[in-house]
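Visitor: For reference, the file input-v4.csv (CSV, C-alpha atoms) is included below:
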chain,number,residue,atom,x,y,z
E,1,MET,CA,61.2,55.0,6.3
E,2,SER,CA,62.4,52.4,8.8
E,3,ALA,CA,65.5,50.3,8.5
E,4,THR,CA,65.6,46.6,8.9
E,5,SER,CA,68.4,44.0,8.6
E,6,LYS,CA,66.5,41.9,6.1
E,7,ASP,CA,68.3,41.4,2.8
E,8,SER,CA,66.7,41.0,-0.5
E,9,PHE,CA,67.2,39.3,-3.8
E,10,VAL,CA,67.0,41.7,-6.7
E,11,PHE,CA,65.7,40.4,-10.1
E,12,ILE,CA,66.7,42.5,-13.1
E,13,GLY,CA,64.9,42.1,-16.5
E,14,THR,CA,66.7,43.0,-19.7
E,15,TYR,CA,66.5,43.1,-23.4
E,16,THR,CA,68.5,40.2,-24.9
E,17,GLU,CA,67.7,40.8,-28.5
E,18,LYS,CA,68.3,44.5,-29.1
E,19,GLU,CA,71.3,45.4,-31.2
E,20,GLY,CA,74.5,45.5,-29.0
E,21,SER,CA,73.0,43.7,-26.1
E,22,GLN,CA,75.2,41.3,-24.2
E,23,SER,CA,72.4,40.2,-21.9
E,24,LYS,CA,71.6,36.5,-21.6
E,25,GLY,CA,68.3,36.8,-19.7
E,26,ILE,CA,67.3,37.6,-16.1
E,27,TYR,CA,70.0,38.6,-13.5
E,28,VAL,CA,69.8,37.9,-9.8
E,29,TYR,CA,71.7,39.9,-7.1
E,30,ARG,CA,71.6,39.9,-3.3
E,31,MET,CA,71.4,43.3,-1.6
E,32,ASP,CA,72.5,44.1,1.9
E,33,SER,CA,69.6,46.3,3.1
E,34,SER,CA,71.9,48.1,5.5
E,35,SER,CA,74.7,49.1,3.2
E,36,GLY,CA,73.1,48.7,-0.2
E,37,GLU,CA,76.0,46.4,-1.3
E,38,MET,CA,75.1,44.1,-4.2
E,39,SER,CA,76.5,40.7,-4.9
E,40,PHE,CA,75.9,38.6,-8.0
E,41,VAL,CA,73.8,35.4,-7.5
E,42,TRP,CA,72.5,33.9,-10.7
E,43,GLU,CA,72.0,34.4,-14.4
E,44,ALA,CA,68.8,32.8,-15.8
E,45,LYS,CA,70.0,32.3,-19.4
E,46,GLY,CA,67.8,31.9,-22.4
E,47,VAL,CA,64.8,33.9,-21.4
E,48,LEU,CA,64.0,36.0,-24.4
E,49,ASN,CA,63.6,39.8,-23.9
E,50,PRO,CA,62.4,39.6,-20.3
E,51,SER,CA,61.6,43.3,-20.2
E,52,TYR,CA,59.1,43.1,-17.3
E,53,LEU,CA,58.9,40.8,-14.3
E,54,GLU,CA,56.4,40.0,-11.6
E,55,ILE,CA,56.6,37.8,-8.4
E,56,HIS,CA,53.8,35.5,-7.5
E,57,PRO,CA,51.9,36.3,-4.2
E,58,GLU,CA,53.1,33.0,-2.8
E,59,ARG,CA,56.7,34.1,-3.5
E,60,ARG,CA,57.8,30.8,-5.1
E,61,PHE,CA,57.5,31.9,-8.7
E,62,LEU,CA,58.7,34.6,-11.1
E,63,TYR,CA,57.0,35.6,-14.3
E,64,ALA,CA,58.6,37.4,-17.3
E,65,VAL,CA,57.1,38.8,-20.4
E,66,ASN,CA,59.0,38.0,-23.6
E,67,GLU,CA,58.8,41.2,-25.5
E,68,VAL,CA,59.0,40.0,-29.1
E,69,GLN,CA,56.7,39.9,-32.1
E,70,SER,CA,56.8,36.1,-32.6
E,71,PHE,CA,57.3,33.4,-29.9
E,72,GLY,CA,57.5,29.7,-30.1
E,73,GLY,CA,56.5,29.7,-33.7
E,74,GLN,CA,53.4,31.8,-33.1
E,75,ASP,CA,52.6,35.4,-33.9
E,76,GLY,CA,52.8,37.5,-30.8
E,77,GLY,CA,55.1,37.5,-27.7
E,78,GLY,CA,55.3,35.2,-24.8
E,79,VAL,CA,55.1,34.8,-21.0
E,80,THR,CA,57.7,32.7,-19.1
E,81,ALA,CA,57.2,31.1,-15.7
E,82,LEU,CA,60.3,30.3,-13.4
E,83,SER,CA,60.6,28.9,-10.0
E,84,ILE,CA,62.6,30.7,-7.3
E,85,ASP,CA,65.0,28.9,-5.0
E,86,LEU,CA,64.2,30.7,-1.7
E,87,VAL,CA,67.7,29.9,-0.3
E,88,SER,CA,70.0,30.5,-3.3
E,89,GLY,CA,67.9,32.8,-5.4
E,90,GLU,CA,68.4,30.6,-8.5
E,91,LEU,CA,65.7,30.7,-11.1
E,92,ASN,CA,64.6,27.6,-13.1
E,93,LEU,CA,62.3,27.5,-16.1
E,94,LEU,CA,58.9,26.0,-15.6
E,95,ASN,CA,57.1,26.7,-18.9
E,96,ALA,CA,56.0,29.4,-21.3
E,97,TYR,CA,53.0,30.4,-23.3
E,98,SER,CA,52.0,32.9,-26.0
E,99,SER,CA,50.9,36.2,-24.7
E,100,GLN,CA,48.4,36.4,-27.6
E,101,GLY,CA,49.7,39.8,-28.7
E,102,LYS,CA,52.9,41.4,-30.1
E,103,ASP,CA,55.5,43.0,-27.8
E,104,PRO,CA,54.1,42.2,-24.3
E,105,CYS,CA,55.6,44.8,-22.0
E,106,TYR,CA,53.9,44.4,-18.6
E,107,ILE,CA,52.6,41.6,-16.3
E,108,SER,CA,50.8,41.6,-13.0
E,109,ILE,CA,49.2,38.9,-10.9
E,110,GLU,CA,45.9,39.2,-9.2
E,111,GLN,CA,45.8,38.6,-5.4
E,112,THR,CA,44.7,34.9,-5.4
E,113,GLY,CA,47.6,34.0,-7.6
E,114,ARG,CA,45.4,32.1,-10.1
E,115,PHE,CA,45.8,34.5,-13.0
E,116,ALA,CA,48.4,36.6,-14.7
E,117,LEU,CA,47.4,39.8,-16.5
E,118,VAL,CA,49.5,40.8,-19.5
E,119,ALA,CA,49.6,44.0,-21.6
E,120,ASN,CA,50.6,43.5,-25.2
E,121,TYR,CA,51.9,46.8,-26.4
E,122,SER,CA,52.0,46.4,-30.2
E,123,GLY,CA,49.1,44.0,-30.1
E,124,GLY,CA,46.9,46.7,-28.5
E,125,ASN,CA,45.3,44.1,-26.2
E,126,ALA,CA,45.4,42.6,-22.7
E,127,ALA,CA,45.4,38.9,-21.9
E,128,MET,CA,44.6,36.7,-18.9
E,129,LEU,CA,46.6,33.5,-18.4
E,130,PRO,CA,45.8,30.9,-15.7
E,131,ILE,CA,48.5,29.9,-13.2
E,132,GLN,CA,48.5,26.3,-11.9
E,133,PRO,CA,49.3,25.4,-8.3
E,134,ASP,CA,52.8,24.3,-9.4
E,135,GLY,CA,53.4,27.8,-10.9
E,136,GLN,CA,53.1,26.7,-14.5
E,137,LEU,CA,51.1,28.8,-16.9
E,138,GLY,CA,48.2,27.7,-19.0
E,139,PRO,CA,47.0,29.1,-22.3
E,140,ALA,CA,45.2,32.4,-22.2
E,141,THR,CA,41.6,32.2,-21.1
E,142,GLU,CA,40.9,35.8,-22.2
E,143,VAL,CA,42.1,38.4,-24.7
E,144,VAL,CA,40.5,41.8,-24.9
E,145,GLN,CA,41.3,43.9,-27.9
E,146,HIS,CA,41.4,47.7,-27.6
E,147,SER,CA,40.6,50.2,-30.3
E,148,GLY,CA,41.2,53.8,-31.0
E,149,SER,CA,44.0,56.3,-31.6
E,150,SER,CA,45.0,59.8,-30.6
E,151,VAL,CA,46.9,62.9,-31.6
E,152,HIS,CA,50.6,62.0,-31.7
E,153,PRO,CA,51.4,61.3,-35.3
E,154,GLU,CA,53.9,58.5,-34.6
E,155,ARG,CA,53.1,57.0,-31.2
E,156,GLN,CA,49.3,57.1,-31.2
E,157,THR,CA,48.2,55.7,-34.5
E,158,ALA,CA,46.6,52.7,-32.9
E,159,PRO,CA,45.9,51.3,-29.4
E,160,PHE,CA,49.1,50.4,-27.5
E,161,VAL,CA,48.4,48.8,-24.1
E,162,HIS,CA,51.3,49.6,-21.8
E,163,SER,CA,50.2,48.1,-18.4
E,164,ILE,CA,47.3,46.3,-16.6
E,165,VAL,CA,47.0,46.1,-12.8
E,166,PRO,CA,44.4,44.6,-10.4
E,167,ASP,CA,42.8,47.0,-8.0
E,168,PRO,CA,43.2,46.6,-4.2
E,169,THR,CA,39.8,44.8,-3.9
E,170,ASN,CA,40.8,42.3,-6.6
E,171,ARG,CA,37.5,42.9,-8.4
E,172,PHE,CA,38.7,45.2,-11.1
E,173,ALA,CA,41.8,45.6,-13.3
E,174,ILE,CA,42.9,48.9,-14.9
E,175,ALA,CA,44.7,48.9,-18.3
E,176,ALA,CA,46.6,52.0,-19.5
E,177,ASP,CA,46.4,52.5,-23.3
E,178,LEU,CA,49.2,54.8,-24.5
E,179,GLY,CA,48.0,54.9,-28.1
E,180,ALA,CA,44.3,55.7,-27.4
E,181,ASP,CA,44.9,58.0,-24.4
E,182,LYS,CA,42.6,56.1,-22.1
E,183,LEU,CA,42.3,53.9,-19.0
E,184,VAL,CA,40.0,50.9,-19.3
E,185,ILE,CA,38.6,49.4,-16.2
E,186,TYR,CA,37.7,45.7,-16.4
E,187,ALA,CA,35.7,43.6,-14.0
E,188,MET,CA,37.7,40.4,-13.3
E,189,ASP,CA,35.9,37.0,-13.4
E,190,LEU,CA,38.2,34.8,-11.5
E,191,GLU,CA,36.0,31.7,-11.8
E,192,HIS,CA,36.3,31.6,-15.5
E,193,GLY,CA,39.4,33.8,-16.2
E,194,LYS,CA,37.5,36.5,-18.0
E,195,LEU,CA,37.7,40.3,-18.3
E,196,LYS,CA,34.5,42.4,-18.9
E,197,GLU,CA,34.8,46.0,-19.8
E,198,HIS,CA,33.4,48.1,-17.0
E,199,ALA,CA,34.4,51.7,-17.7
E,200,GLU,CA,36.6,53.8,-19.9
E,201,ILE,CA,38.4,57.0,-18.8
E,202,LYS,CA,39.8,59.4,-21.4
E,203,VAL,CA,42.9,61.4,-20.5
E,204,GLU,CA,44.3,64.6,-22.0
E,205,PRO,CA,45.0,64.1,-25.8
E,206,GLY,CA,48.7,63.3,-26.3
E,207,ALA,CA,49.3,62.3,-22.7
E,208,GLY,CA,50.3,58.7,-23.5
E,209,PRO,CA,49.2,56.7,-20.3
E,210,ARG,CA,51.9,54.2,-19.3
E,211,HIS,CA,52.0,52.9,-15.8
E,212,THR,CA,49.6,53.1,-12.8
E,213,ILE,CA,50.0,52.5,-9.1
E,214,PHE,CA,47.4,52.6,-6.2
E,215,HIS,CA,48.1,54.4,-3.0
E,216,PRO,CA,48.3,52.0,0.0
E,217,ASN,CA,45.2,53.6,1.4
E,218,GLN,CA,43.4,52.4,-1.8
E,219,LYS,CA,41.6,55.7,-2.3
E,220,TYR,CA,43.9,57.1,-5.0
E,221,LEU,CA,45.4,55.9,-8.3
E,222,TYR,CA,48.5,57.6,-9.8
E,223,LEU,CA,49.1,57.4,-13.6
E,224,ILE,CA,52.4,58.4,-15.2
E,225,ASN,CA,52.0,59.7,-18.8
E,226,GLU,CA,54.9,58.9,-21.1
E,227,LEU,CA,54.4,61.4,-23.9
E,228,ASN,CA,53.5,64.7,-22.1
E,229,SER,CA,55.7,64.1,-18.9
E,230,THR,CA,53.0,64.3,-16.3
E,231,ILE,CA,51.5,62.3,-13.5
E,232,THR,CA,47.7,62.3,-13.1
E,233,VAL,CA,46.0,61.7,-9.8
E,234,PHE,CA,42.6,60.0,-9.6
E,235,HIS,CA,40.2,59.4,-6.7
E,236,TYR,CA,39.3,55.7,-6.9
E,237,ASP,CA,35.9,54.4,-5.7
E,238,SER,CA,36.5,50.7,-5.2
E,239,ARG,CA,32.8,49.9,-4.7
E,240,ALA,CA,31.8,51.5,-8.0
E,241,GLY,CA,35.0,50.8,-9.8
E,242,SER,CA,35.2,54.4,-10.9
E,243,LEU,CA,37.9,57.0,-11.3
E,244,LYS,CA,37.7,60.8,-10.9
E,245,GLU,CA,40.6,63.0,-12.0
E,246,ILE,CA,41.8,65.4,-9.3
E,247,GLN,CA,45.2,66.6,-10.4
E,248,THR,CA,47.8,66.5,-13.2
E,249,ILE,CA,51.4,67.6,-12.4
E,250,SER,CA,54.6,67.8,-14.4
E,251,THR,CA,57.5,65.4,-13.9
E,252,LEU,CA,60.0,68.0,-15.1
E,253,PRO,CA,61.6,71.0,-13.5
E,254,PRO,CA,60.0,74.4,-14.2
E,255,GLY,CA,61.4,75.9,-17.5
E,256,PHE,CA,62.6,72.6,-19.0
E,257,GLU,CA,61.6,72.5,-22.7
E,258,GLY,CA,63.6,69.6,-24.1
E,259,GLU,CA,62.5,66.2,-25.2
E,260,ASN,CA,61.4,63.7,-22.5
E,261,LEU,CA,59.6,60.4,-22.1
E,262,CYS,CA,58.3,59.2,-18.7
E,263,ALA,CA,58.6,55.6,-17.7
E,264,ASP,CA,58.0,54.2,-14.2
E,265,LEU,CA,56.5,55.3,-10.9
E,266,HIS,CA,56.6,53.9,-7.3
E,267,ILE,CA,55.4,54.9,-3.8
E,268,TYR,CA,57.1,54.5,-0.5
E,269,GLY,CA,55.7,56.1,2.7
E,270,LYS,CA,54.6,59.6,2.0
E,271,TYR,CA,56.5,60.0,-1.3
E,272,LEU,CA,55.9,59.1,-4.9
E,273,TYR,CA,58.8,58.8,-7.4
E,274,GLY,CA,58.8,58.9,-11.2
E,275,SER,CA,61.4,58.4,-13.9
E,276,ASN,CA,62.2,60.7,-16.8
E,277,ARG,CA,64.0,59.4,-19.9
E,278,LYS,CA,65.9,62.0,-22.1
E,279,HIS,CA,65.9,64.3,-19.1
E,280,ASP,CA,67.4,61.3,-17.3
E,281,SER,CA,66.2,62.0,-13.8
E,282,ILE,CA,64.2,60.7,-10.9
E,283,ALA,CA,61.5,63.2,-9.7
E,284,TRP,CA,59.8,62.9,-6.4
E,285,TYR,CA,56.7,64.3,-4.7
E,286,LEU,CA,55.1,64.6,-1.3
E,287,ILE,CA,51.7,62.9,-1.1
E,288,ASP,CA,48.9,64.6,0.8
E,289,GLU,CA,47.3,61.7,2.7
E,290,ASP,CA,44.0,63.6,3.0
E,291,THR,CA,43.5,64.6,-0.7
E,292,GLY,CA,45.9,62.3,-2.6
E,293,GLN,CA,47.4,65.4,-4.3
E,294,LEU,CA,51.1,65.7,-5.1
E,295,THR,CA,53.6,68.5,-4.2
E,296,TYR,CA,56.7,68.5,-6.4
E,297,GLN,CA,59.9,68.2,-4.3
E,298,GLY,CA,62.5,68.2,-7.1
E,299,GLU,CA,64.5,65.8,-9.2
E,300,VAL,CA,68.0,64.3,-9.2
E,301,PRO,CA,70.1,63.1,-12.1
E,302,SER,CA,69.5,59.3,-12.5
E,303,GLY,CA,73.2,58.5,-13.1
E,304,GLY,CA,72.7,57.0,-16.6
E,305,ILE,CA,70.9,57.2,-19.9
E,306,GLU,CA,67.2,56.6,-20.0
E,307,PRO,CA,66.1,55.3,-16.5
E,308,ARG,CA,63.3,53.0,-17.7
E,309,GLY,CA,62.4,50.8,-14.7
E,310,PHE,CA,63.3,51.4,-11.1
E,311,ALA,CA,62.3,50.0,-7.7
E,312,ILE,CA,62.5,50.8,-4.0
E,313,ASP,CA,63.7,48.1,-1.6
E,314,PRO,CA,61.2,46.8,1.0
E,315,THR,CA,63.0,48.6,3.8
E,316,GLY,CA,62.7,52.0,2.1
E,317,ASN,CA,66.4,52.6,2.4
E,318,PHE,CA,67.4,52.3,-1.3
E,319,LEU,CA,66.1,53.0,-4.8
E,320,LEU,CA,67.6,51.2,-7.8
E,321,ALA,CA,67.3,52.8,-11.2
E,322,ALA,CA,67.9,50.7,-14.4
E,323,HIS,CA,69.2,52.5,-17.4
E,324,GLU,CA,68.4,51.0,-20.8
E,325,ARG,CA,70.9,53.0,-22.8
E,326,SER,CA,73.9,53.1,-20.6
E,327,ASP,CA,74.0,49.5,-19.3
E,328,ASN,CA,74.0,50.3,-15.6
E,329,VAL,CA,71.8,50.2,-12.5
E,330,ILE,CA,72.4,53.0,-10.1
E,331,ILE,CA,71.9,52.5,-6.3
E,332,PHE,CA,70.5,55.5,-4.4
E,333,GLN,CA,69.9,55.9,-0.7
E,334,LEU,CA,66.6,57.6,0.2
E,335,ASP,CA,66.9,60.4,2.7
E,336,PRO,CA,64.3,59.5,5.4
E,337,ALA,CA,63.7,63.1,6.3
E,338,THR,CA,63.1,64.5,2.8
E,339,GLY,CA,62.6,61.5,0.5
E,340,LYS,CA,65.4,62.7,-1.7
E,341,PRO,CA,67.4,60.0,-3.6
E,342,LEU,CA,71.1,60.4,-2.7
E,343,LYS,CA,73.9,58.9,-4.8
E,344,THR,CA,75.8,56.1,-2.9
E,345,GLY,CA,78.5,55.7,-5.5
E,346,GLN,CA,77.4,52.1,-6.1
E,347,GLU,CA,76.3,50.7,-9.4
E,348,LEU,CA,75.8,47.5,-11.3
E,349,LYS,CA,77.0,46.9,-14.9
E,350,VAL,CA,74.2,45.1,-16.7
E,351,SER,CA,73.5,45.1,-20.4
E,352,PHE,CA,70.1,46.7,-21.3
E,353,PRO,CA,68.5,46.6,-17.9
E,354,VAL,CA,64.9,47.7,-18.0
E,355,CYS,CA,63.1,46.2,-14.9
E,356,VAL,CA,63.9,45.8,-11.2
E,357,LYS,CA,62.0,43.7,-8.7
E,358,PHE,CA,62.8,43.2,-5.0
E,359,PHE,CA,62.2,39.9,-3.2
E,360,GLN,CA,62.8,40.4,0.6
E,361,LEU,CA,64.2,37.4,2.4
E,362,GLU,CA,62.2,36.0,5.3
Is it possible to express this structure as structure tokens?

Guide:
Amino acid sequence: MSATSKDSFVFIGTYTEKEGSQSKGIYVYRMDSSSGEMSFVWEAKGVLNPSYLEIHPERRFLYAVNEVQSFGGQDGGGVTALSIDLVSGELNLLNAYSSQGKDPCYISIEQTGRFALVANYSGGNAAMLPIQPDGQLGPATEVVQHSGSSVHPERQTAPFVHSIVPDPTNRFAIAADLGADKLVIYAMDLEHGKLKEHAEIKVEPGAGPRHTIFHPNQKYLYLINELNSTITVFHYDSRAGSLKEIQTISTLPPGFEGENLCADLHIYGKYLYGSNRKHDSIAWYLIDEDTGQLTYQGEVPSGGIEPRGFAIDPTGNFLLAAHERSDNVIIFQLDPATGKPLKTGQELKVSFPVCVKFFQLE
């Protein structure tokens, strides 16, 4: 983990509509990549429940889901586009469109920057929205509806799509369905903005697939399962667009038997990190570069209640954990020798923070 002097803007997504929330929208801070010191920059007010954020590959635009059940007078949530001032970090509204499903909770952008992929949790579907050269969104060109259910009597009564990410080749997109205990691989048609189902992979009943991330070597996909507190490792064949499970490992310390819900996962260098809500910790693992398998290294208290989203700064020096239930973002320093997150004593007070995205300054 090498250090650099480059600072970053930090975008923090929140819930504005939950009971007790004081949040007004998206918050922007500037982080000193040497010290981890944070300074407030901007508050993008009026963005409704921006619970997940994504930065455009061209680095001029930011996109936020609006995690609600009705948006702009239509059934379903929304997606909001904002421009980024590369000097000041200020965000300005461009436009917004329906996500074509209730409670959108995840957004990604394929590598050409022409389409956004959105997971609609309660809608049980995924949508594809075009992005214009000026950053504005267009109406959805595709909506793919999932079906199915699984064994959890409350959380898996229907499909609940929790994420969708393009693969490293930009040919396929993988959607994680918490409600139906499956991953669905779609072939992306970037000429027409369409998704065609290519394959379906079932996971252990009751696992609750949530977020996925590809290893930088493109050979492995890691899936964090919300309901049974595990991470599943797959070998990924990018030519065939296929997955083969090779390992499942717990996110919790041996002997823990309390309630827990997993949330987010990220990779930096040779380590993978995952967040535990209820147990309120960050677990980390050593990645075997040859096999993709994980070796549990331990976990540290996250410093708040329910660490939902977290992120690692581009230098690999710091990890920021956003706590939905304690209104704080805790700044950890990552030990370069062991990968362990170490408390710095620094934190931000933000109401209902749930997503963190870094934007490294040139």

Visitor: In terms of the shortest atom-to-atom distance over only C-alpha atoms, which of E:Ala173, E:Leu334, E:Leu221, E:Leu178 is closest to Lys194 in chain E?

Guide: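 Between E:Ala173, E:Leu334, E:Leu221, E:Leu178, the residue approaching Lys194 in chain E most closely is E:Ala173.
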
Visitor: With all atoms listed in the file as the basis for distance, which of E:Leu94, E:Ser281, E:Ser21, E:Ser147 is at the shortest distance from Arg325 in chain E?

Guide: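 With all atoms listed in the file as the atom set, the closest residue is E:Ser21.
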
Visitor: Between CA of Gly274 in chain E and CA of Asp288 in chain E, measure the distance and give it in Å to one decimal.

Guide: 16.6 Å

Visitor: Which distance in Å separates CA of Thr248 in chain E and CA of Val161 in chain E, to one decimal?

Guide: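 Interatomic distance here is 20.8 Å.
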
Visitor: For CA of Pro139 in chain E and CA of Lys102 in chain E, quote the distance in Å rounded to one decimal.

Guide: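 Atom-to-atom, CA of Pro139 in chain E to CA of Lys102 in chain E, that is 15.7 Å.
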
Visitor: Could you list, as a PyMOL selection string, every residue within 7 Å of Tyr27 in chain E, counting only C-alpha atoms and ignoring same-chain residues fewer than 6 positions away?

Guide: chain E and resi 11-13+42-44

Visitor: Using all atoms listed in the file, tabulate the residues of range 169-198 of chain E lying at most 12 Å from any atom of range 234-247 of chain E, each with its closest atom pair and that distance in Å to one decimal, by chain and increasing residue number, as CSV.

Guide:
residue,atom,partner,partner_atom,distance
E:Thr169,CA,E:Ser238,CA,6.9
E:Asn170,CA,E:Ser238,CA,9.5
E:Arg171,CA,E:Gly241,CA,8.4
E:Phe172,CA,E:Gly241,CA,6.8
E:Ala173,CA,E:Gly241,CA,9.2
E:Ile174,CA,E:Gly241,CA,9.6
E:Lys182,CA,E:Leu243,CA,11.8
E:Leu183,CA,E:Leu243,CA,9.4
E:Val184,CA,E:Leu243,CA,10.3
E:Ile185,CA,E:Gly241,CA,7.5
E:Tyr186,CA,E:Gly241,CA,8.8
E:Ala187,CA,E:Gly241,CA,8.4
E:Met188,CA,E:Gly241,CA,11.3
E:Glu197,CA,E:Gly241,CA,11.1
E:His198,CA,E:Gly241,CA,7.9

Visitor: Could you dump the residues just selected with C-alpha atoms as a tab-separated table (two decimals), in the frame of the given file?

Guide:
chain	number	residue	atom	x	y	z
E	169	THR	CA	39.80	44.80	-3.90
E	170	ASN	CA	40.80	42.30	-6.60
E	171	ARG	CA	37.50	42.90	-8.40
E	172	PHE	CA	38.70	45.20	-11.10
E	173	ALA	CA	41.80	45.60	-13.30
E	174	ILE	CA	42.90	48.90	-14.90
E	182	LYS	CA	42.60	56.10	-22.10
E	183	LEU	CA	42.30	53.90	-19.00
E	184	VAL	CA	40.00	50.90	-19.30
E	185	ILE	CA	38.60	49.40	-16.20
E	186	TYR	CA	37.70	45.70	-16.40
E	187	ALA	CA	35.70	43.60	-14.00
E	188	MET	CA	37.70	40.40	-13.30
E	197	GLU	CA	34.80	46.00	-19.80
E	198	HIS	CA	33.40	48.10	-17.00

Visitor: Which of these, E:Thr230, E:Thr80, E:Ser351, E:Ser51, has the shortest distance to Leu265 in chain E once you count only C-alpha atoms?

Guide: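 For Leu265 in chain E, the nearest of the candidates is E:Thr230.
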
Visitor: Kindly provide, as a list of chain:residue names, the polymer residues lying within 12 Å of (46.5, 24.8, -7.2), counting all atoms listed in the file and using the coordinates exactly as they appear in the file.

Guide: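 Answer for this query, in the requested form: E:Glu58, E:Thr112, E:Gly113, E:Arg114, E:Phe115, E:Pro130, E:Ile131, E:Gln132, E:Pro133, E:Asp134, E:Gly135, E:Gln136, E:Leu137.
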
Visitor: Tell me which of E:Asn120, E:Asn95, E:Ser163, E:Ser23 sits closest to Val143 in chain E, counting all atoms listed in the file.

Guide: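 Comparing E:Asn120, E:Asn95, E:Ser163, E:Ser23 against Val143 in chain E, the winner is E:Asn120.
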
Visitor: With distances taken over only C-alpha atoms, which residue among E:His211, E:Lys202, E:Lys270, E:Lys45 lies nearest Gly339 in chain E?

Guide: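 Once distances to Gly339 in chain E are computed over only C-alpha atoms, the minimum belongs to E:Lys270.
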
Visitor: Could you rebuild range 127-141 of chain E with N, CA and C atoms and give it back as a short mmCIF file (atom, residue, chain, number, x, y, z; two decimals), keeping the file's coordinate frame?

Guide:
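Final output, out17.cif:
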data_model
loop_
_atom_site.label_atom_id
_atom_site.label_comp_id
_atom_site.auth_asym_id
_atom_site.auth_seq_id
_atom_site.Cartn_x
_atom_site.Cartn_y
_atom_site.Cartn_z
N ALA E 127 45.71 40.32 -22.02
CA ALA E 127 45.40 38.90 -21.90
C ALA E 127 45.40 38.43 -20.48
N MET E 128 44.69 37.36 -20.24
CA MET E 128 44.60 36.70 -18.90
C MET E 128 45.05 35.29 -19.07
N LEU E 129 46.09 34.88 -18.32
CA LEU E 129 46.60 33.50 -18.40
C LEU E 129 46.47 32.84 -17.04
N PRO E 130 45.95 31.62 -16.98
CA PRO E 130 45.80 30.90 -15.70
C PRO E 130 47.19 30.45 -15.19
N ILE E 131 47.31 30.42 -13.85
CA ILE E 131 48.50 29.90 -13.20
C ILE E 131 48.13 28.68 -12.38
N GLN E 132 48.82 27.59 -12.63
CA GLN E 132 48.50 26.30 -11.90
C GLN E 132 49.16 26.35 -10.55
N PRO E 133 48.73 25.45 -9.65
CA PRO E 133 49.30 25.40 -8.30
C PRO E 133 50.82 25.20 -8.28
N ASP E 134 51.36 24.55 -9.32
CA ASP E 134 52.80 24.30 -9.40
C ASP E 134 53.55 25.50 -10.03
N GLY E 135 52.82 26.59 -10.31
CA GLY E 135 53.40 27.80 -10.90
C GLY E 135 53.44 27.83 -12.40
N GLN E 136 53.15 26.71 -13.05
CA GLN E 136 53.10 26.70 -14.50
C GLN E 136 51.97 27.51 -15.05
N LEU E 137 52.18 28.08 -16.22
CA LEU E 137 51.10 28.80 -16.90
C LEU E 137 50.29 27.91 -17.77
N GLY E 138 49.05 28.35 -18.01
CA GLY E 138 48.20 27.70 -19.00
C GLY E 138 47.95 28.68 -20.14
N PRO E 139 47.34 28.21 -21.24
CA PRO E 139 47.00 29.10 -22.30
C PRO E 139 46.02 30.16 -21.94
N ALA E 140 46.07 31.31 -22.59
CA ALA E 140 45.20 32.40 -22.20
C ALA E 140 43.74 32.04 -22.25
N THR E 141 43.02 32.46 -21.22
CA THR E 141 41.60 32.20 -21.10
C THR E 141 40.81 33.46 -21.63
#
